[in-house]
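So this one's query_36.csv, CSV, C-alpha atoms and all ligand atoms:
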chain,number,residue,atom,x,y,z
A,1,MET,CA,-8.4,20.5,-27.1
A,2,ASN,CA,-8.3,18.7,-23.7
A,3,ASP,CA,-11.6,17.6,-22.0
A,4,LEU,CA,-12.5,19.2,-18.7
A,5,PHE,CA,-13.5,16.6,-16.1
A,6,ASP,CA,-15.5,17.1,-13.0
A,7,ILE,CA,-13.2,14.8,-11.1
A,8,ALA,CA,-9.8,13.4,-11.8
A,9,ILE,CA,-8.9,10.5,-9.5
A,10,ILE,CA,-5.2,9.5,-9.1
A,11,GLY,CA,-4.7,5.9,-8.2
A,12,GLY,CA,-6.6,2.7,-9.0
A,13,GLY,CA,-6.5,0.8,-5.6
A,14,PRO,CA,-9.7,0.2,-3.6
A,15,ALA,CA,-10.0,3.9,-2.6
A,16,GLY,CA,-9.6,5.3,-6.1
A,17,LEU,CA,-11.9,2.7,-7.7
A,18,THR,CA,-14.6,3.2,-5.1
A,19,ALA,CA,-14.4,7.0,-5.6
A,20,GLY,CA,-14.7,6.3,-9.3
A,21,LEU,CA,-17.7,4.0,-8.8
A,22,TYR,CA,-19.5,6.6,-6.7
A,23,ALA,CA,-18.7,9.5,-9.0
A,24,ALA,CA,-19.6,7.6,-12.2
A,25,ARG,CA,-22.8,6.4,-10.7
A,26,ALA,CA,-23.6,10.0,-9.8
A,27,ARG,CA,-23.2,10.8,-13.5
A,28,LEU,CA,-20.2,13.1,-12.9
A,29,LYS,CA,-17.6,13.4,-15.7
A,30,VAL,CA,-14.8,11.5,-14.0
A,31,ILE,CA,-11.5,10.0,-15.1
A,32,LEU,CA,-9.3,7.6,-13.1
A,33,LEU,CA,-5.5,7.6,-13.7
A,34,GLU,CA,-3.5,4.5,-12.8
A,35,ARG,CA,0.1,3.8,-13.7
A,36,MET,CA,0.0,0.0,-13.4
A,37,GLY,CA,-3.0,-2.3,-13.1
A,38,PHE,CA,-6.0,-1.8,-10.8
A,39,GLY,CA,-5.7,-3.0,-7.3
A,40,GLY,CA,-2.9,-1.1,-5.8
A,41,GLN,CA,-1.2,-2.6,-2.7
A,42,LEU,CA,-4.1,-5.1,-2.5
A,43,LEU,CA,-2.3,-7.1,-5.3
A,44,THR,CA,0.7,-7.7,-3.0
A,45,TYR,CA,-1.5,-9.8,-0.7
A,46,GLU,CA,-2.7,-13.3,-1.3
A,47,LYS,CA,-6.0,-13.5,0.5
A,48,VAL,CA,-8.3,-11.0,2.3
A,49,ASP,CA,-10.0,-12.3,5.4
A,50,ASN,CA,-11.5,-9.2,6.9
A,51,TYR,CA,-13.5,-7.5,4.1
A,52,PRO,CA,-17.2,-7.9,4.9
A,53,GLY,CA,-19.4,-10.0,2.6
A,54,PHE,CA,-17.0,-12.9,2.1
A,55,PRO,CA,-17.4,-15.2,5.0
A,56,GLU,CA,-14.6,-17.6,3.8
A,57,GLY,CA,-12.3,-14.7,2.8
A,58,ILE,CA,-11.5,-13.9,-0.8
A,59,SER,CA,-8.4,-13.8,-3.0
A,60,ALA,CA,-6.9,-10.3,-3.1
A,61,PHE,CA,-6.8,-10.5,-6.9
A,62,GLY,CA,-10.4,-11.6,-7.0
A,63,LEU,CA,-11.6,-8.8,-4.8
A,64,SER,CA,-9.7,-6.2,-6.9
A,65,GLU,CA,-11.3,-7.6,-10.1
A,66,LEU,CA,-14.7,-7.4,-8.5
A,67,ILE,CA,-14.2,-3.8,-7.4
A,68,SER,CA,-12.9,-2.6,-10.7
A,69,ALA,CA,-15.6,-4.5,-12.7
A,70,GLN,CA,-18.3,-2.8,-10.6
A,71,ALA,CA,-16.7,0.7,-11.1
A,72,LEU,CA,-16.4,0.1,-14.9
A,73,ARG,CA,-20.1,-1.1,-15.1
A,74,PHE,CA,-21.1,2.5,-14.2
A,75,GLY,CA,-19.0,3.8,-17.0
A,76,LEU,CA,-15.9,5.0,-15.1
A,77,LEU,CA,-13.3,6.2,-17.7
A,78,THR,CA,-9.8,5.1,-16.9
A,79,ARG,CA,-6.4,5.8,-18.4
A,80,ASN,CA,-3.1,4.1,-17.9
A,81,ALA,CA,-0.7,7.0,-17.1
A,82,GLU,CA,1.9,8.1,-14.7
A,83,VAL,CA,1.1,11.4,-12.9
A,84,THR,CA,4.2,13.5,-12.5
A,85,GLY,CA,2.8,16.7,-11.0
A,86,LEU,CA,-0.3,18.7,-10.0
A,87,GLU,CA,-1.2,22.4,-10.4
A,88,PHE,CA,-4.1,23.0,-8.1
A,89,GLU,CA,-4.1,26.7,-7.0
A,90,ALA,CA,-6.6,27.8,-9.7
A,91,PRO,CA,-10.3,26.6,-9.8
A,92,ILE,CA,-9.5,24.4,-12.8
A,93,LYS,CA,-6.8,22.0,-11.7
A,94,ARG,CA,-4.2,20.4,-13.9
A,95,VAL,CA,-2.9,16.8,-13.6
A,96,VAL,CA,0.5,16.7,-15.2
A,97,LEU,CA,1.4,13.5,-17.1
A,98,ALA,CA,4.5,12.4,-18.8
A,99,ASP,CA,2.9,13.1,-22.2
A,100,GLY,CA,0.6,16.0,-21.5
A,101,PHE,CA,-2.0,17.0,-18.9
A,102,ILE,CA,-5.6,16.5,-17.8
A,103,GLU,CA,-7.8,19.3,-16.5
A,104,ALA,CA,-10.5,18.8,-13.8
A,105,LYS,CA,-12.5,20.9,-11.4
A,106,THR,CA,-11.7,18.6,-8.5
A,107,LEU,CA,-9.1,16.0,-7.7
A,108,ILE,CA,-9.2,12.9,-5.5
A,109,LEU,CA,-5.7,11.8,-4.5
A,110,ALA,CA,-5.8,8.0,-3.9
A,111,SER,CA,-2.2,7.1,-4.8
A,112,GLY,CA,-1.7,4.8,-1.8
A,113,ALA,CA,1.6,4.0,-0.1
A,114,SER,CA,4.7,2.0,-0.9
A,115,PRO,CA,6.9,-0.2,1.2
A,116,ASN,CA,9.7,1.3,3.3
A,117,LYS,CA,13.3,0.1,2.8
A,118,LEU,CA,15.5,-1.1,5.6
A,119,GLY,CA,18.3,1.1,4.6
A,120,VAL,CA,21.1,-1.5,5.2
A,121,LYS,CA,24.2,-2.5,3.2
A,122,GLY,CA,23.3,-5.0,0.5
A,123,GLU,CA,19.6,-4.1,0.3
A,124,THR,CA,19.7,-2.1,-3.0
A,125,GLU,CA,22.3,-4.4,-4.5
A,126,PHE,CA,20.3,-7.5,-4.0
A,127,THR,CA,16.8,-6.1,-4.6
A,128,GLY,CA,15.3,-8.5,-7.1
A,129,ARG,CA,18.1,-11.1,-6.4
A,130,GLY,CA,16.9,-12.2,-3.0
A,131,VAL,CA,15.6,-9.0,-1.4
A,132,SER,CA,11.8,-8.6,-2.0
A,133,TYR,CA,9.0,-6.4,-0.7
A,134,CYS,CA,6.2,-8.7,-2.1
A,135,ALA,CA,5.7,-12.3,-0.9
A,136,VAL,CA,2.9,-13.0,-3.4
A,137,CYS,CA,5.1,-11.9,-6.2
A,138,ASP,CA,8.3,-13.8,-5.2
A,139,ALA,CA,7.5,-16.6,-2.7
A,140,PRO,CA,7.4,-19.3,-5.4
A,141,PHE,CA,11.1,-18.8,-6.1
A,142,TYR,CA,12.0,-20.0,-2.6
A,143,ARG,CA,10.5,-23.5,-2.7
A,144,ASN,CA,12.0,-25.5,0.3
A,145,GLN,CA,14.6,-22.8,0.9
A,146,GLU,CA,15.3,-20.8,4.1
A,147,VAL,CA,14.1,-17.2,4.0
A,148,ALA,CA,13.9,-14.3,6.5
A,149,VAL,CA,11.0,-11.9,7.0
A,150,VAL,CA,11.9,-8.5,8.6
A,151,GLY,CA,9.3,-6.7,10.6
A,152,GLY,CA,6.7,-7.4,13.2
A,153,GLY,CA,3.5,-5.7,11.9
A,154,ASP,CA,0.4,-7.2,10.3
A,155,THR,CA,2.0,-7.3,6.8
A,156,ALA,CA,5.2,-9.1,8.0
A,157,ILE,CA,3.4,-11.7,10.0
A,158,GLU,CA,0.7,-12.4,7.4
A,159,GLU,CA,3.3,-12.7,4.7
A,160,ALA,CA,5.5,-15.0,6.9
A,161,VAL,CA,2.5,-17.4,7.1
A,162,TYR,CA,2.0,-17.1,3.3
A,163,LEU,CA,5.7,-17.8,2.7
A,164,THR,CA,5.5,-21.2,4.5
A,165,LYS,CA,3.5,-22.5,1.6
A,166,PHE,CA,6.7,-22.4,-0.4
A,167,ALA,CA,9.8,-22.0,1.8
A,168,GLY,CA,11.1,-24.7,4.0
A,169,ARG,CA,11.7,-22.4,7.0
A,170,VAL,CA,10.8,-18.7,7.7
A,171,HIS,CA,12.7,-16.7,10.2
A,172,VAL,CA,10.9,-13.6,11.4
A,173,ILE,CA,13.3,-10.9,12.6
A,174,HIS,CA,11.8,-8.2,14.7
A,175,ARG,CA,13.6,-5.3,16.4
A,176,ARG,CA,11.5,-5.5,19.7
A,177,ASP,CA,10.7,-8.3,22.1
A,178,ARG,CA,7.0,-8.3,21.1
A,179,LEU,CA,5.3,-8.2,17.7
A,180,ARG,CA,3.1,-5.2,16.6
A,181,ALA,CA,0.7,-7.4,14.6
A,182,THR,CA,-2.9,-7.9,15.6
A,183,GLN,CA,-3.4,-10.8,18.0
A,184,ILE,CA,-5.4,-13.0,15.6
A,185,ILE,CA,-2.6,-12.7,13.0
A,186,GLN,CA,0.1,-13.4,15.5
A,187,GLU,CA,-1.8,-16.6,16.7
A,188,LYS,CA,-1.7,-18.0,13.2
A,189,ALA,CA,2.0,-17.5,12.9
A,190,PHE,CA,2.7,-19.0,16.4
A,191,GLN,CA,0.8,-22.1,15.4
A,192,ASN,CA,2.9,-22.6,12.3
A,193,ASP,CA,5.9,-24.8,13.0
A,194,LYS,CA,7.8,-23.6,9.8
A,195,ILE,CA,8.1,-20.1,11.4
A,196,ASP,CA,10.6,-19.1,14.1
A,197,PHE,CA,11.0,-15.7,15.7
A,198,ILE,CA,14.3,-13.9,16.2
A,199,LEU,CA,13.2,-11.0,18.5
A,200,SER,CA,15.1,-7.9,19.8
A,201,THR,CA,17.3,-8.2,16.7
A,202,VAL,CA,18.0,-6.0,13.7
A,203,VAL,CA,19.5,-6.7,10.3
A,204,LYS,CA,22.8,-5.0,9.9
A,205,GLU,CA,23.8,-6.2,6.5
A,206,ILE,CA,22.5,-8.4,3.6
A,207,ARG,CA,25.3,-10.5,2.1
A,208,GLY,CA,25.5,-12.5,-1.0
A,209,GLY,CA,27.3,-13.2,-4.2
A,210,SER,CA,26.7,-13.5,-8.0
A,211,GLY,CA,23.8,-15.9,-7.4
A,212,GLY,CA,22.0,-13.5,-5.0
A,213,VAL,CA,21.4,-13.3,-1.3
A,214,GLU,CA,23.3,-15.8,0.9
A,215,GLY,CA,22.8,-14.5,4.4
A,216,LEU,CA,22.2,-11.8,6.9
A,217,ILE,CA,24.3,-10.2,9.6
A,218,LEU,CA,22.1,-9.7,12.6
A,219,GLU,CA,22.6,-7.7,15.8
A,220,GLU,CA,20.9,-8.1,19.1
A,221,VAL,CA,19.3,-4.9,20.6
A,222,PRO,CA,20.2,-4.0,23.2
A,223,GLY,CA,23.5,-5.9,23.6
A,224,GLY,CA,25.1,-5.6,20.3
A,225,ARG,CA,26.0,-9.2,19.9
A,226,THR,CA,26.2,-10.1,16.2
A,227,SER,CA,25.5,-13.3,14.4
A,228,GLU,CA,25.1,-14.6,10.9
A,229,LEU,CA,21.9,-16.3,9.4
A,230,ALA,CA,22.1,-18.2,6.2
A,231,VAL,CA,19.1,-17.5,4.0
A,232,SER,CA,18.6,-17.3,0.3
A,233,GLY,CA,15.8,-14.7,0.4
A,234,VAL,CA,14.8,-11.8,2.6
A,235,PHE,CA,11.3,-10.2,2.6
A,236,VAL,CA,11.2,-6.7,4.1
A,237,PHE,CA,7.9,-5.5,5.6
A,238,VAL,CA,8.9,-2.6,7.8
A,239,GLY,CA,5.9,-0.3,7.2
A,240,ILE,CA,4.9,2.0,4.4
A,241,HIS,CA,5.3,5.6,3.2
A,242,PRO,CA,2.8,7.6,1.1
A,243,SER,CA,3.2,7.7,-2.6
A,244,THR,CA,3.1,11.5,-3.1
A,245,ASP,CA,6.2,12.3,-5.2
A,246,TYR,CA,3.8,14.1,-7.7
A,247,VAL,CA,2.1,16.2,-5.0
A,248,PRO,CA,3.3,19.8,-4.4
A,249,ALA,CA,4.9,20.6,-1.0
A,250,SER,CA,2.2,23.2,-0.3
A,251,LEU,CA,-0.5,20.5,0.4
A,252,GLU,CA,-0.6,19.9,4.2
A,253,ARG,CA,0.7,16.6,5.5
A,254,ASP,CA,1.4,14.9,8.8
A,255,PRO,CA,5.0,14.5,10.1
A,256,LEU,CA,5.3,11.1,8.3
A,257,GLY,CA,4.2,12.7,5.0
A,258,PHE,CA,0.7,11.4,4.8
A,259,ILE,CA,-1.9,13.9,3.4
A,260,ARG,CA,-4.0,15.6,6.1
A,261,THR,CA,-7.8,15.6,5.4
A,262,ASN,CA,-10.9,16.5,7.4
A,263,GLN,CA,-13.9,14.2,7.8
A,264,GLU,CA,-15.1,15.0,4.3
A,265,MET,CA,-11.7,13.9,2.9
A,266,ALA,CA,-11.0,17.5,2.0
A,267,THR,CA,-7.3,18.5,2.0
A,268,SER,CA,-5.8,21.9,2.8
A,269,VAL,CA,-6.4,22.9,-0.9
A,270,PRO,CA,-10.1,23.7,-1.9
A,271,GLY,CA,-11.3,21.1,-4.4
A,272,VAL,CA,-8.6,18.6,-3.6
A,273,PHE,CA,-9.6,15.5,-1.7
A,274,ALA,CA,-7.6,12.5,-0.6
A,275,ALA,CA,-8.7,8.9,0.1
A,276,GLY,CA,-7.1,5.6,1.3
A,277,ASP,CA,-3.6,4.8,2.5
A,278,VAL,CA,-2.2,8.1,1.2
A,279,ARG,CA,-4.0,10.1,3.8
A,280,SER,CA,-3.2,10.6,7.5
A,281,LYS,CA,-5.4,8.1,9.4
A,282,GLU,CA,-5.4,5.5,12.1
A,283,LEU,CA,-6.7,2.3,10.5
A,284,ARG,CA,-5.3,1.4,7.0
A,285,GLN,CA,-7.6,-1.3,5.7
A,286,ILE,CA,-9.4,-2.1,2.5
A,287,VAL,CA,-12.7,-1.4,4.2
A,288,THR,CA,-11.5,2.1,5.4
A,289,ALA,CA,-10.1,2.8,2.0
A,290,VAL,CA,-13.4,2.2,0.2
A,291,GLY,CA,-15.2,4.3,2.8
A,292,ASP,CA,-12.7,7.1,2.2
A,293,GLY,CA,-13.2,6.8,-1.6
A,294,ALA,CA,-17.0,7.0,-1.3
A,295,THR,CA,-16.8,10.0,1.1
A,296,ALA,CA,-14.3,11.8,-1.2
A,297,ALA,CA,-16.5,11.3,-4.3
A,298,PHE,CA,-19.6,12.5,-2.4
A,299,ASN,CA,-17.9,15.6,-1.1
A,300,ALA,CA,-16.2,16.4,-4.5
A,301,GLY,CA,-19.8,16.3,-5.9
A,302,ARG,CA,-21.0,18.7,-3.2
A,303,TYR,CA,-18.0,21.0,-3.8
A,304,LEU,CA,-18.9,21.1,-7.6
A,305,GLU,CA,-22.5,22.0,-6.7
A,306,ALA,CA,-21.6,24.6,-4.0
A,307,HIS,CA,-19.2,26.4,-6.4
A,308,SER,CA,-21.5,26.0,-9.5
A,309,LEU,CA,-18.6,24.4,-11.4
A,401,LIG,P1,3.4,-1.3,10.5
A,401,LIG,O1,2.2,-1.7,11.2
A,401,LIG,O2,3.8,0.1,10.5
A,401,LIG,O3,4.6,-2.3,11.0
A,401,LIG,C1,5.9,-2.1,10.6
A,401,LIG,C2,6.8,-3.1,11.3
A,401,LIG,O4,8.1,-2.9,10.9
A,401,LIG,C3,6.8,-2.9,12.9
A,401,LIG,O5,6.9,-4.1,13.5
A,401,LIG,C4,8.1,-2.0,13.1
A,401,LIG,O6,8.7,-2.3,14.3
A,401,LIG,C5,9.0,-2.6,12.0
A,401,LIG,N1,10.0,-1.6,11.6
A,401,LIG,C6,9.7,-0.3,11.1
A,401,LIG,N2,10.9,0.2,10.8
A,401,LIG,C7,11.9,-0.7,11.0
A,401,LIG,C8,13.3,-0.7,10.8
A,401,LIG,N3,13.9,0.4,10.3
A,401,LIG,N4,14.0,-1.8,11.1
A,401,LIG,C9,13.3,-2.9,11.6
A,401,LIG,N5,12.0,-3.0,11.8
A,401,LIG,C10,11.3,-1.9,11.5
A,401,LIG,O7,3.3,-1.7,8.9
A,401,LIG,P2,2.6,-2.8,8.1
A,401,LIG,O8,2.7,-4.1,8.7
A,401,LIG,O9,3.1,-2.7,6.7
A,401,LIG,O10,1.1,-2.4,8.1
A,401,LIG,C11,0.7,-1.1,7.5
A,401,LIG,C12,-0.8,-0.9,7.8
A,401,LIG,O11,-1.6,-1.8,7.1
A,401,LIG,C13,-1.1,-1.1,9.3
A,401,LIG,O12,-2.1,-0.2,9.7
A,401,LIG,C14,-1.7,-2.5,9.3
A,401,LIG,O13,-2.6,-2.8,10.4
A,401,LIG,C15,-2.4,-2.6,8.0
A,401,LIG,N6,-2.5,-4.0,7.5
A,401,LIG,C16,-3.6,-4.7,7.9
A,401,LIG,C17,-3.7,-6.0,7.5
A,401,LIG,C18,-4.9,-6.8,7.9
A,401,LIG,O14,-5.7,-6.3,8.6
A,401,LIG,N7,-5.1,-8.1,7.6
A,401,LIG,C19,-2.7,-6.6,6.7
A,401,LIG,C20,-1.6,-5.9,6.4
A,401,LIG,C21,-1.5,-4.5,6.8
A,401,LIG,P3,8.0,-1.7,15.7
A,401,LIG,O15,6.8,-2.6,16.0
A,401,LIG,O16,9.1,-1.8,16.7
A,401,LIG,O17,7.6,-0.3,15.4

What does this structure look like when you write it as structure tokens?
Amino acid sequence: MNDLFDIAIIGGGPAGLTAGLYAARARLKVILLERMGFGGQLLTYEKVDNYPGFPEGISAFGLSELISAQALRFGLLTRNAEVTGLEFEAPIKRVVLADGFIEAKTLILASGASPNKLGVKGETEFTGRGVSYCAVCDAPFYRNQEVAVVGGGDTAIEEAVYLTKFAGRVHVIHRRDRLRATQIIQEKAFQNDKIDFILSTVVKEIRGGSGGVEGLILEEVPGGRTSELAVSGVFVFVGIHPSTDYVPASLERDPLGFIRTNQEMATSVPGVFAAGDVRSKELRQIVTAVGDGATAAFNAGRYLEAHSL
């Protein structure tokens, strides 16, 4: 017979782990389901400079290890599993897995977000052969080579700076004439003489051969003038979309697909909470994700009490 949990948490990034820490510490019967390793999107970064308590910054991997170790110290039960669906209309909710299901009285959805694709010719064909969505994972392959970064947000600009540790030259290609990234992040990139900026320009096509990516076809906007840029790698950082394939359409979302919650992290379905990047919010940061996780766990506990579950 299956166990019945007080809370099932989906996702082992900073939001899910913090929800797990709070719930386990409150002695609730809680399980956290994660399909890969702990850390979520955090593991795609090298260093974290804006998480309080680490005046010199901390490695993303190190921070993820510290958060998970702390949650596990309170006895958080975890399971490596891919969630394929949810059944949440009844008071006892079901988390559907590839090889069975788990039942819980409340759910905390903390499955995060995934990188957007550019949607241009050659992108799918060359993914893993020159097209990447993770600098920390792939930068070492491009020692002394020329690479492109597509995007102008915090991720693109931070990763461009990181790439300069390996690549000989990094071309940042952005569709507007000014970057979206925070000022302090922009300044670091402007001071780095291995980075140049190709503004008001979009990638039309990624070209290559049997050895992988060889170059990009670029187009000026407006204007439409096209040009070619020879690079052996292209790192795409054009925003994120929520990882919600397993979530039924009946759960309320915003127009971009992020899950709507109230201040208590409660979603439109009673007993279902959401935390971190998967939810509709203004500021997506580790520090806001952990706040969401704590709030969701606290309010899941209140829900259990109020409903005498
Ligand atoms: P983002 O802030 O949404 O930026 C996406 C970038 O990609 C924008 O520059 C956007 O251009 C561009 N873009 C979107 N679609 C495109 C397309 N089809 N073709 C070409 N360019 C396209 O996404 P993000 O940088 O991944 O950041 C996500 C969230 O995480 C943000 O809230 C960010 O602040 C946060 N974050 C924070 C830190 C930090 O604090 N250290 C680090 C990383 C991420 P436009 O500017 O023209 O829209």

message = Counting all atoms listed in the file, I want the residues whose atoms come within 8 Å of (-15.5, 2.0, -10.7) in the file frame, returned as a VMD selection string.
response = chain A and resid 17 to 22 24 67 to 76

remark   = Min atom-atom distance to A:Thr288 from the set A:Leu66, A:Ala15, A:Ile10, A:Ala160, counting only C-alpha atoms, belongs to A:Ala15

task = Taking all atoms listed in the file into account, report as a PyMOL selection string which residues have an atom no farther than 9 Å from an atom of ligand LIG 401 (chain A).
result = chain A and resi 45+47-50+115-119+150-159+173-182+185+201-203+236-240+277+281-286

Residues of stretch 92-150 of chain A within 10 Å of stretch 251-261 of chain A: nearest atom pair and distance (Å, one decimal) for each, counting only C-alpha atoms, sorted by chain and number, as JSON lines?
{"residue": "A:Leu109", "atom": "CA", "partner": "A:Ile259", "partner_atom": "CA", "distance": 9.0}
{"residue": "A:Gly112", "atom": "CA", "partner": "A:Phe258", "partner_atom": "CA", "distance": 9.6}
{"residue": "A:Ala113", "atom": "CA", "partner": "A:Phe258", "partner_atom": "CA", "distance": 8.9}

Save the residues we just selected, C-alpha atoms, as a PDB file, in the coordinates of the input?
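As written to disk, out_36.pdb reads:
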ATOM      1  CA  LEU A 109      -5.700  11.800  -4.500  1.00  0.00           C
ATOM      2  CA  GLY A 112      -1.700   4.800  -1.800  1.00  0.00           C
ATOM      3  CA  ALA A 113       1.600   4.000  -0.100  1.00  0.00           C
TER       4      ALA A 113
END

key: Spatial neighbours of A:Gly301, max dist 10 Å, only C-alpha atoms, sep filter under 2 positions, as a VMD selection string   = chain A and resid 6 to 7 22 to 23 26 to 28 106 271 295 to 299 303 to 306 309

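Distances to A:Cys134 were evaluated for A:Val170, A:Ala98, A:Ile217, A:Val234 using all atoms listed in the file, and the minimum falls at A:Val234.
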
request  = Would you kindly identify which residues have an atom no farther than 8 Å from (6.4, 9.7, -1.6), using only C-alpha atoms and the file's own coordinates, and write them out as a ChimeraX atom specification?
outcome  = /A:113-114,241-246,257

query = Looking at A:Gly293, A:Val147, A:Asp3, A:Asn80, which one is nearest to A:Arg94, with distances taken over only C-alpha atoms?
reply = A:Asp3

message = Considering only C-alpha atoms, can you say which of A:Gly128, A:Pro91, A:Gly53, A:Gly39 comes closest to A:His307?
response = A:Pro91

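Between atom CA of A:Val213 and atom CA of A:Phe126 lies a distance of 6.5 Å.
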
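Counting from atom CA of A:Val136, the distance to atom CA of A:Leu43 is 8.1 Å.
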
request  = Can you work out which one of A:Ile184, A:Ala189, A:Ala139, A:Leu86 has the shortest atom-to-atom distance to A:Val161, counting all atoms listed in the file?
outcome  = A:Ala189

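Atom CA of A:Ile108 sits 24.6 Å away from atom CA of A:Pro52.
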
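If only C-alpha atoms are the atoms counted, then among A:Ala230, A:Lys105, A:Pro248, A:Glu87 the closest residue to A:Arg207 is A:Ala230.
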
Which residues are near A:Phe5? Cut-off 7 Å, all atoms listed in the file, ignore same chain within fewer than 5 positions. Put them as a short mmCIF file (atom, residue, chain, number, x, y, z; two decimals) with C-alpha atoms, keeping the file's coordinate frame.
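Wrote it out as part18.cif, contents follow:
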data_model
loop_
_atom_site.label_atom_id
_atom_site.label_comp_id
_atom_site.auth_asym_id
_atom_site.auth_seq_id
_atom_site.Cartn_x
_atom_site.Cartn_y
_atom_site.Cartn_z
CA LYS A 29 -17.60 13.40 -15.70
CA VAL A 30 -14.80 11.50 -14.00
CA ILE A 31 -11.50 10.00 -15.10
CA GLU A 103 -7.80 19.30 -16.50
CA ALA A 104 -10.50 18.80 -13.80
CA LYS A 105 -12.50 20.90 -11.40
#

task = Just the residues within 7 Å of A:Phe38, please, counting only C-alpha atoms, with nothing from its chain fewer than 5 positions along; format it as an NGL selection string.
result = :A and (12-13 or 64 or 68)

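Taking all atoms listed in the file, the non-local environment of A:Leu33 within 8 Å (same-chain residues fewer than 6 positions away omitted) comprises Ala8, Ile9, Ile10, Gly11, Gly12, Thr78, Arg79, Asn80, Ala81, Glu82 and Val83 of chain A.
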
Mind completing stretch 79-91 of chain A with N, CA and C atoms? Output as a PDB file, in the frame of the given file, please?
ATOM      1  N   ARG A  79      -7.530   5.655 -17.459  1.00  0.00           N
ATOM      2  CA  ARG A  79      -6.400   5.800 -18.400  1.00  0.00           C
ATOM      3  C   ARG A  79      -5.129   5.358 -17.674  1.00  0.00           C
ATOM      4  N   ASN A  80      -4.319   4.627 -18.410  1.00  0.00           N
ATOM      5  CA  ASN A  80      -3.100   4.100 -17.900  1.00  0.00           C
ATOM      6  C   ASN A  80      -2.031   5.263 -18.062  1.00  0.00           C
ATOM      7  N   ALA A  81      -1.650   5.901 -16.982  1.00  0.00           N
ATOM      8  CA  ALA A  81      -0.700   7.000 -17.100  1.00  0.00           C
ATOM      9  C   ALA A  81      -0.040   7.291 -15.789  1.00  0.00           C
ATOM     10  N   GLU A  82       1.185   7.758 -15.876  1.00  0.00           N
ATOM     11  CA  GLU A  82       1.900   8.100 -14.700  1.00  0.00           C
ATOM     12  C   GLU A  82       1.750   9.629 -14.449  1.00  0.00           C
ATOM     13  N   VAL A  83       1.287   9.978 -13.257  1.00  0.00           N
ATOM     14  CA  VAL A  83       1.100  11.400 -12.900  1.00  0.00           C
ATOM     15  C   VAL A  83       2.437  11.920 -12.385  1.00  0.00           C
ATOM     16  N   THR A  84       2.917  13.022 -12.965  1.00  0.00           N
ATOM     17  CA  THR A  84       4.200  13.500 -12.500  1.00  0.00           C
ATOM     18  C   THR A  84       4.106  14.840 -11.734  1.00  0.00           C
ATOM     19  N   GLY A  85       2.939  15.487 -11.779  1.00  0.00           N
ATOM     20  CA  GLY A  85       2.800  16.700 -11.000  1.00  0.00           C
ATOM     21  C   GLY A  85       1.331  17.170 -10.961  1.00  0.00           C
ATOM     22  N   LEU A  86       1.060  18.143 -10.086  1.00  0.00           N
ATOM     23  CA  LEU A  86      -0.300  18.700 -10.000  1.00  0.00           C
ATOM     24  C   LEU A  86      -0.154  20.234  -9.951  1.00  0.00           C
ATOM     25  N   GLU A  87      -1.119  20.903 -10.586  1.00  0.00           N
ATOM     26  CA  GLU A  87      -1.200  22.400 -10.400  1.00  0.00           C
ATOM     27  C   GLU A  87      -2.629  22.579  -9.921  1.00  0.00           C
ATOM     28  N   PHE A  88      -2.744  22.992  -8.629  1.00  0.00           N
ATOM     29  CA  PHE A  88      -4.100  23.000  -8.100  1.00  0.00           C
ATOM     30  C   PHE A  88      -4.511  24.318  -7.413  1.00  0.00           C
ATOM     31  N   GLU A  89      -3.782  25.397  -7.685  1.00  0.00           N
ATOM     32  CA  GLU A  89      -4.100  26.700  -7.000  1.00  0.00           C
ATOM     33  C   GLU A  89      -5.370  27.303  -7.670  1.00  0.00           C
ATOM     34  N   ALA A  90      -5.512  27.170  -8.988  1.00  0.00           N
ATOM     35  CA  ALA A  90      -6.600  27.800  -9.700  1.00  0.00           C
ATOM     36  C   ALA A  90      -7.880  26.908  -9.593  1.00  0.00           C
ATOM     37  N   PRO A  91      -9.077  27.456  -9.845  1.00  0.00           N
ATOM     38  CA  PRO A  91     -10.300  26.600  -9.800  1.00  0.00           C
ATOM     39  C   PRO A  91     -10.257  25.429 -10.733  1.00  0.00           C
TER      40      PRO A  91
END
